[in-house]
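Input: a single structure, listed below in structure tokens.
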Amino acid sequence: MISAAAIAATPVWAGQVGNGEDWAALAQDVRSEFQWAWRNYRQKAWGRDEINPVSGTAQSFFIEGHDLGLSLVEALDTLWMMELDEEFQQGVDWVKSSLDFDIDGESQVFETNIRLVGGLVSAHLACGDPVLLEKAKDLADRLMKAFAASPHGLPYRYVNLKTGAVRDPETNLAEIGTYATEFGVLGQLVGDDRYYAAAKRAMKHALDRRSNLGLMAANIHAETGEFTSRNASIDVYADSFYEYLWDSWELFGDAEMKAWAEQTMGAILKHQAKRYDGRLWFPMVDFETGEATGAAQTELGAYLAGLLGQVGKRAEGDDFLASYTEMQQVWAIIPESIDVTTRQPRTKRTGLRPEYPDACLNLWLGDRDDRYRALSAVHYRNMKTTSRAAYGYTALADITTRPMTQGDNCPGYWWSEQMKYYWLLFSDCRRVDYSRLQLSTEANVLRGFVR
Ligand code: IFL
């Protein structure tokens with residue numbers, strides 16, 4: 001066990017600022033790793049959802065036995081931004097010839113939206129191919145049935161893509177409230193505001209049930225419309241709900257969403273922010289009393305550091321990022337779940353997660369301070385040291401062993417998220433207008449491409 005004193009003695013930024021990094025060279029390294037991983041995916045797992053890069057096998061993600069080319073779709077806009085145009089076209093050709101959503105199988109509505117609808121919309125924005133937009137609309141129409149089946153417009157967790165049958169009303173804020181950006185942009189492109197209206201209605205339903213503290217519980221029932229837990233969370237079950245309030249303001253100028261974003265961030269800062277040995281964390285609290293109900297914080301919560309910066313709470317965002325930076329310094333790979341009272345990992349395995357460079361990118365976009373690039377460079381190099389396998393990058397089975405023990409799976413979001421964050425941070429990407437850039441929770445680009 002690492003002592004709190006040892007952790008406290010570790011300066012957060014030491015050795016990571018002003019190190020004379022050649023950013024263009026680092027960007028090229030990211031690009032060549034991505035191209036290498038793509039070639040392996042092509043060879044070993046083409047059209048499959050996810051590659052298992054240690055064994056060179058593949059697996060389904062959404063519906064067992066009915067793969068939807070998840071990693072391929074997730075990679076498309078990243079390939080395009082990296083000017084890997086041949087690879088991008090290979091992917092687009094596969095989508096046009098082989099991707100069909102008329103499947104008699106249940107797909108998780110939230111994941112299908114952020115990964116596939118978002119991936120197809122961003123690929124369409126990259127190249128303008130109308131077939132990509134048609135596929136995105138076809139899929140979104142199938143997902144809309146999950147909203148329509150609920151008396152409150154709260155989507156069920158699963159929908160049968162062919163029949164529209166729904167399952168599992170016991171849902172949560174993230175799974176009812178992470179549609180506004182993909183559905184909003186899709187609606188603009190096809191001239192139909194029903195998508196955004198459905199997404200916003202579900203979010204408003206939960207927001208209308210905030211406690212006197214201004215907090216929401218994270219779990220909610222699609223049939224009763226009531227919260228089913230007392231836990232307010234900024235990470236698991238909730239995270240992207242908060243992102244999409246602010247993103248809807250930035251993308252669509254929706255002032256009501258902006259007000260909700262500011263109100264919810266204010267309530268979270270007032271009632272959920274806690275300090276342990278001087279470090280800022282946001283563990284779960286009772287949504288009516290603000291009392292902490294646990295000591296866990298997941299790696300996923302790092303996104304909030306960036307979001308706080310976006311909503312004008314930069315000092316608080318930096319403060320929260322520093323808590324994760326310390327974890328990166330101590331463990332090299334930020335633990336999937338952290339006990340905030342001891343700063344020890346609660347789990348040994350990690351999911352090859354992207355939220356730390358996500359936060360760095362959002363903070364960097366605010367002031368272009370090189371320290372966020374430097375912190376992301378550490379994140380990238382540590383990932384390369386620990387997760388690189390024979391056929392790509394893998395999640396880890398144990399971060400406490402030396403060397404760390406690899407698992408055998410590359411999650412789809414790796415293709416859309418961290419490699420894109422690194423690229424955007426290091427490359428001065430020519431195909432992006434950084435001042436207009438808008439990313440979804442899955443890092444799909446919804447605005448800001450330069451064609
Ligand atoms: O799918 C990813 C996305 O960022 C999200 N939740 C978790 C994943 C990455 O950790 O919204």
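Residues are named by chain letter and number: chains run A, B, ... in the order of the structure tokens, numbers start at 1 in each chain, and ligands are numbered from 1 in the order shown.
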
Exercise. Please give me, as a PyMOL selection string, the residues lying within 6 Å of ligand 1 when counting only C-alpha atoms and all ligand atoms.
Key: chain A and resi 240+300+353-354+413+441-442

Would you save the residues of that selection, restricted to N, CA and C atoms, as a PDB file, in the first residue's frame?
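Result file is result.pdb:
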ATOM      1  N   SER A 240     -22.505  11.523 -19.059  1.00  0.00           N
ATOM      2  CA  SER A 240     -22.735  12.242 -20.310  1.00  0.00           C
ATOM      3  C   SER A 240     -24.038  13.044 -20.305  1.00  0.00           C
ATOM      4  N   LEU A 300     -13.868   7.340 -15.145  1.00  0.00           N
ATOM      5  CA  LEU A 300     -14.801   8.022 -16.038  1.00  0.00           C
ATOM      6  C   LEU A 300     -15.112   9.439 -15.580  1.00  0.00           C
ATOM      7  N   ARG A 353      -9.146   3.399 -20.855  1.00  0.00           N
ATOM      8  CA  ARG A 353     -10.098   4.513 -20.779  1.00  0.00           C
ATOM      9  C   ARG A 353      -9.561   5.831 -21.339  1.00  0.00           C
ATOM     10  N   PRO A 354     -10.457   6.653 -21.882  1.00  0.00           N
ATOM     11  CA  PRO A 354     -10.035   7.895 -22.541  1.00  0.00           C
ATOM     12  C   PRO A 354     -10.346   9.194 -21.793  1.00  0.00           C
ATOM     13  N   TYR A 413     -14.397   2.352 -28.295  1.00  0.00           N
ATOM     14  CA  TYR A 413     -14.147   3.788 -28.119  1.00  0.00           C
ATOM     15  C   TYR A 413     -12.672   4.154 -28.281  1.00  0.00           C
ATOM     16  N   THR A 441     -19.914  12.727 -26.662  1.00  0.00           N
ATOM     17  CA  THR A 441     -19.300  12.019 -25.530  1.00  0.00           C
ATOM     18  C   THR A 441     -18.386  10.895 -26.003  1.00  0.00           C
ATOM     19  N   GLU A 442     -18.620  10.401 -27.211  1.00  0.00           N
ATOM     20  CA  GLU A 442     -17.790   9.347 -27.790  1.00  0.00           C
ATOM     21  C   GLU A 442     -16.702   9.949 -28.691  1.00  0.00           C
TER      22      GLU A 442
END

Quiz item: Could you pull the residues within 7 Å of Phe88 of chain A, counting only C-alpha atoms, minus those fewer than 6 positions along the same chain, as a list of chain:residue names?
Solution: A:Leu76, A:Leu79, A:Trp80

Using only C-alpha atoms, what does the table of segment 165-200 of chain A residues within 6 Å of segment 142-160 of chain A look like, with each row giving the shortest atom pair and its distance in Å to one decimal, sorted by chain and ascending number, as JSON lines?
{"residue": "A:Ala165", "atom": "CA", "partner": "A:Asn160", "partner_atom": "CA", "distance": 5.2}
{"residue": "A:Val166", "atom": "CA", "partner": "A:Val159", "partner_atom": "CA", "distance": 4.4}
{"residue": "A:Arg167", "atom": "CA", "partner": "A:Tyr158", "partner_atom": "CA", "distance": 5.1}
{"residue": "A:Asp168", "atom": "CA", "partner": "A:Arg157", "partner_atom": "CA", "distance": 5.4}
{"residue": "A:Pro169", "atom": "CA", "partner": "A:Tyr156", "partner_atom": "CA", "distance": 4.8}
{"residue": "A:Ile176", "atom": "CA", "partner": "A:Pro155", "partner_atom": "CA", "distance": 5.7}

Could you turn the residues from that selection into a file that holds C-alpha atoms, as an mmCIF file, in the first residue's frame?
data_model
loop_
_atom_site.group_PDB
_atom_site.id
_atom_site.type_symbol
_atom_site.label_atom_id
_atom_site.label_comp_id
_atom_site.auth_asym_id
_atom_site.auth_seq_id
_atom_site.Cartn_x
_atom_site.Cartn_y
_atom_site.Cartn_z
ATOM 1 C CA ALA A 165 -39.870 -4.409 -29.055
ATOM 2 C CA VAL A 166 -38.394 -2.816 -25.927
ATOM 3 C CA ARG A 167 -36.884 -4.233 -22.750
ATOM 4 C CA ASP A 168 -35.523 -3.042 -19.406
ATOM 5 C CA PRO A 169 -37.165 0.116 -18.047
ATOM 6 C CA ILE A 176 -31.949 8.466 -20.939
#

Quiz item: So which bits of segment 43-184 of chain A end up strand (DSSP E or B) when you DSSP the backbone, as a count of residues only?
Solution: 19

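The protein and nucleic acid residues lying at most 8 Å from Thr293 of chain A are Asn231, Pro283, Met284, Val285 and Asp286 of chain A, with only C-alpha atoms considered and sequence neighbours fewer than 3 positions away removed.
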
Quiz item: Within 12 Å of Trp415 of chain A, counting only C-alpha atoms, which residues qualify if same-chain residues fewer than 5 places away don't, as number ranges by chain?
Solution: A: 30-31, 33-35, 37-38, 41, 49-51, 69-79, 115, 119, 352-354, 392-394, 410, 420-423, 442-444

Can you write out the residues you just picked, keeping N, CA and C atoms, as a tab-separated table (two decimals), in the first residue's frame?
chain	number	residue	atom	x	y	z
A	30	VAL	N	1.51	8.95	-32.95
A	30	VAL	CA	0.11	8.58	-32.70
A	30	VAL	C	-0.52	8.08	-34.01
A	31	ARG	N	-0.28	8.82	-35.07
A	31	ARG	CA	-0.86	8.46	-36.38
A	31	ARG	C	-0.36	7.11	-36.85
A	33	GLU	N	0.78	4.64	-35.05
A	33	GLU	CA	0.21	3.59	-34.20
A	33	GLU	C	-1.24	3.29	-34.63
A	34	PHE	N	-1.96	4.35	-34.96
A	34	PHE	CA	-3.36	4.16	-35.36
A	34	PHE	C	-3.44	3.39	-36.68
A	35	GLN	N	-2.57	3.75	-37.60
A	35	GLN	CA	-2.54	3.06	-38.89
A	35	GLN	C	-2.16	1.59	-38.72
A	37	ALA	N	-2.63	-0.23	-36.01
A	37	ALA	CA	-3.76	-0.93	-35.38
A	37	ALA	C	-4.88	-1.19	-36.40
A	38	TRP	N	-5.11	-0.23	-37.28
A	38	TRP	CA	-6.15	-0.39	-38.31
A	38	TRP	C	-5.81	-1.57	-39.24
A	41	TYR	N	-6.59	-4.69	-37.49
A	41	TYR	CA	-8.05	-4.89	-37.44
A	41	TYR	C	-8.56	-5.39	-38.79
A	49	ASP	N	-17.10	-6.29	-34.38
A	49	ASP	CA	-17.25	-5.14	-33.48
A	49	ASP	C	-15.93	-4.77	-32.81
A	50	GLU	N	-15.26	-5.75	-32.20
A	50	GLU	CA	-14.04	-5.43	-31.47
A	50	GLU	C	-12.96	-6.48	-31.72
A	51	ILE	N	-11.73	-6.03	-31.83
A	51	ILE	CA	-10.60	-6.96	-31.96
A	51	ILE	C	-10.08	-7.30	-30.55
A	69	GLY	N	-19.67	-3.86	-37.19
A	69	GLY	CA	-18.47	-3.11	-37.57
A	69	GLY	C	-18.16	-1.96	-36.62
A	70	LEU	N	-18.41	-2.18	-35.32
A	70	LEU	CA	-18.29	-1.09	-34.35
A	70	LEU	C	-16.96	-0.36	-34.43
A	71	SER	N	-15.85	-1.08	-34.33
A	71	SER	CA	-14.54	-0.41	-34.30
A	71	SER	C	-14.29	0.37	-35.59
A	72	LEU	N	-14.75	-0.20	-36.68
A	72	LEU	CA	-14.59	0.44	-37.99
A	72	LEU	C	-15.34	1.77	-38.03
A	73	VAL	N	-16.61	1.75	-37.58
A	73	VAL	CA	-17.41	2.98	-37.60
A	73	VAL	C	-16.81	4.01	-36.64
A	74	GLU	N	-16.38	3.52	-35.47
A	74	GLU	CA	-15.80	4.45	-34.48
A	74	GLU	C	-14.53	5.10	-35.03
A	75	ALA	N	-13.80	4.39	-35.86
A	75	ALA	CA	-12.50	4.89	-36.35
A	75	ALA	C	-12.64	5.92	-37.46
A	76	LEU	N	-13.80	5.96	-38.13
A	76	LEU	CA	-13.85	6.69	-39.40
A	76	LEU	C	-13.40	8.15	-39.32
A	77	ASP	N	-14.00	8.93	-38.41
A	77	ASP	CA	-13.62	10.35	-38.44
A	77	ASP	C	-12.20	10.56	-37.93
A	78	THR	N	-11.71	9.65	-37.08
A	78	THR	CA	-10.31	9.75	-36.64
A	78	THR	C	-9.38	9.54	-37.84
A	79	LEU	N	-9.69	8.52	-38.64
A	79	LEU	CA	-8.88	8.27	-39.85
A	79	LEU	C	-8.86	9.50	-40.75
A	115	ARG	N	-22.21	5.46	-30.25
A	115	ARG	CA	-21.14	4.85	-31.03
A	115	ARG	C	-21.46	4.79	-32.52
A	119	GLY	N	-21.06	7.91	-34.90
A	119	GLY	CA	-19.97	7.59	-35.83
A	119	GLY	C	-20.36	7.81	-37.28
A	352	LEU	N	-8.95	0.52	-20.65
A	352	LEU	CA	-8.29	1.31	-21.71
A	352	LEU	C	-9.09	2.61	-21.91
A	353	ARG	N	-9.15	3.40	-20.85
A	353	ARG	CA	-10.10	4.51	-20.78
A	353	ARG	C	-9.56	5.83	-21.34
A	354	PRO	N	-10.46	6.65	-21.88
A	354	PRO	CA	-10.04	7.89	-22.54
A	354	PRO	C	-10.35	9.19	-21.79
A	392	GLY	N	-2.60	-4.79	-31.68
A	392	GLY	CA	-3.29	-3.54	-31.34
A	392	GLY	C	-3.16	-3.23	-29.87
A	393	TYR	N	-4.09	-2.45	-29.38
A	393	TYR	CA	-4.04	-2.00	-27.98
A	393	TYR	C	-5.13	-2.68	-27.17
A	394	THR	N	-4.76	-3.09	-25.95
A	394	THR	CA	-5.69	-3.87	-25.14
A	394	THR	C	-5.97	-3.22	-23.78
A	410	CYS	N	-9.80	-4.72	-27.24
A	410	CYS	CA	-9.70	-3.29	-27.53
A	410	CYS	C	-11.12	-2.74	-27.64
A	420	LYS	N	-7.92	10.11	-30.96
A	420	LYS	CA	-8.33	11.40	-31.54
A	420	LYS	C	-7.94	12.56	-30.62
A	421	TYR	N	-8.12	12.37	-29.30
A	421	TYR	CA	-7.72	13.44	-28.38
A	421	TYR	C	-6.22	13.73	-28.51
A	422	TYR	N	-5.41	12.67	-28.51
A	422	TYR	CA	-3.96	12.88	-28.65
A	422	TYR	C	-3.66	13.62	-29.97
A	423	TRP	N	-4.30	13.16	-31.04
A	423	TRP	CA	-4.06	13.75	-32.35
A	423	TRP	C	-4.42	15.23	-32.35
A	442	GLU	N	-18.62	10.40	-27.21
A	442	GLU	CA	-17.79	9.35	-27.79
A	442	GLU	C	-16.70	9.95	-28.69
A	443	ALA	N	-16.56	11.29	-28.62
A	443	ALA	CA	-15.57	12.03	-29.42
A	443	ALA	C	-15.87	12.03	-30.90
A	444	ASN	N	-17.11	11.73	-31.28
A	444	ASN	CA	-17.45	11.91	-32.68
A	444	ASN	C	-17.57	13.41	-32.97

Self-check item: Nearest-residue call for Met404 of chain A, choices A:Gln43, A:Gln89, A:Asn52, A:Asn382, using only C-alpha atoms
Solution: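 When distances to Met404 of chain A are compared using only C-alpha atoms, the smallest one comes from A:Asn382.
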
Practice problem: Run DSSP on the backbone and give me the residues of segment 308-434 of chain A it puts in alpha helix (DSSP H), as an MDAnalysis selection string. | Solution: chainID A and resid 308:310 314:331 355:367 370:387 413:416 418:427

Exercise. Tell me which protein, DNA and RNA residues are within 12 Å of segment 433-438 of chain A, counting only C-alpha atoms, leaving out same-chain ones fewer than 6 positions away, and put them as a ChimeraX atom specification.
Key: /A:81,122,181-182,185,243-244,246-252,310,361-362,364-368,424-425,427,444-451

Write the residues of the selection above to a file with C-alpha atoms, as an mmCIF file, in the first residue's frame.
data_model
loop_
_atom_site.group_PDB
_atom_site.id
_atom_site.type_symbol
_atom_site.label_atom_id
_atom_site.label_comp_id
_atom_site.auth_asym_id
_atom_site.auth_seq_id
_atom_site.Cartn_x
_atom_site.Cartn_y
_atom_site.Cartn_z
ATOM 1 C CA MET A 81 -8.644 13.771 -39.424
ATOM 2 C CA SER A 122 -19.437 12.375 -38.077
ATOM 3 C CA THR A 181 -26.168 16.109 -29.801
ATOM 4 C CA GLU A 182 -26.332 13.158 -32.223
ATOM 5 C CA VAL A 185 -27.282 17.285 -35.649
ATOM 6 C CA GLU A 243 -22.024 16.911 -20.950
ATOM 7 C CA TYR A 244 -25.041 17.020 -23.260
ATOM 8 C CA TRP A 246 -23.668 22.132 -22.213
ATOM 9 C CA ASP A 247 -23.032 20.652 -25.653
ATOM 10 C CA SER A 248 -26.625 21.438 -26.667
ATOM 11 C CA TRP A 249 -26.014 25.065 -25.840
ATOM 12 C CA GLU A 250 -22.772 25.148 -27.819
ATOM 13 C CA LEU A 251 -24.128 23.258 -30.827
ATOM 14 C CA PHE A 252 -27.667 24.578 -31.067
ATOM 15 C CA GLN A 310 -16.077 24.585 -20.485
ATOM 16 C CA LEU A 361 -8.279 18.512 -24.505
ATOM 17 C CA ASN A 362 -11.268 20.485 -23.252
ATOM 18 C CA TRP A 364 -6.434 23.026 -23.479
ATOM 19 C CA LEU A 365 -9.015 24.328 -25.951
ATOM 20 C CA GLY A 366 -9.810 26.992 -23.355
ATOM 21 C CA ASP A 367 -6.324 28.453 -22.882
ATOM 22 C CA ARG A 368 -3.861 26.434 -25.054
ATOM 23 C CA LEU A 424 -6.008 16.952 -31.749
ATOM 24 C CA LEU A 425 -3.712 17.959 -28.892
ATOM 25 C CA SER A 427 -0.901 17.713 -34.325
ATOM 26 C CA ASN A 444 -17.445 11.915 -32.683
ATOM 27 C CA VAL A 445 -16.959 15.271 -34.410
ATOM 28 C CA LEU A 446 -20.310 16.989 -34.773
ATOM 29 C CA ARG A 447 -18.984 20.384 -35.870
ATOM 30 C CA GLY A 448 -15.688 21.901 -36.918
ATOM 31 C CA PHE A 449 -14.414 19.845 -39.831
ATOM 32 C CA VAL A 450 -12.583 21.751 -42.581
ATOM 33 C CA ARG A 451 -13.126 19.985 -45.885
#

Quiz prompt | Shell around Asp398 of chain A at 6 Å using only C-alpha atoms, local window under 4 positions removed, as an NGL selection string | solution = :A and (348-349 or 404-405)

Quiz prompt | Proximity to Gly407 of chain A - best of A:Gly20, A:Gly214, A:Gly309, A:Gly351, only C-alpha atoms | solution =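 Of the candidates, the smallest distance to Gly407 of chain A is held by A:Gly351.
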
Quiz prompt | Near-Tyr242 of chain A list (12 Å; only C-alpha atoms; drop same-chain fewer than 4 positions) as a ChimeraX atom specification | solution = /A:173-180,203,206-207,215-216,218,233-238,246-249,257-268,301,303-304,306-308,310-311,440-441
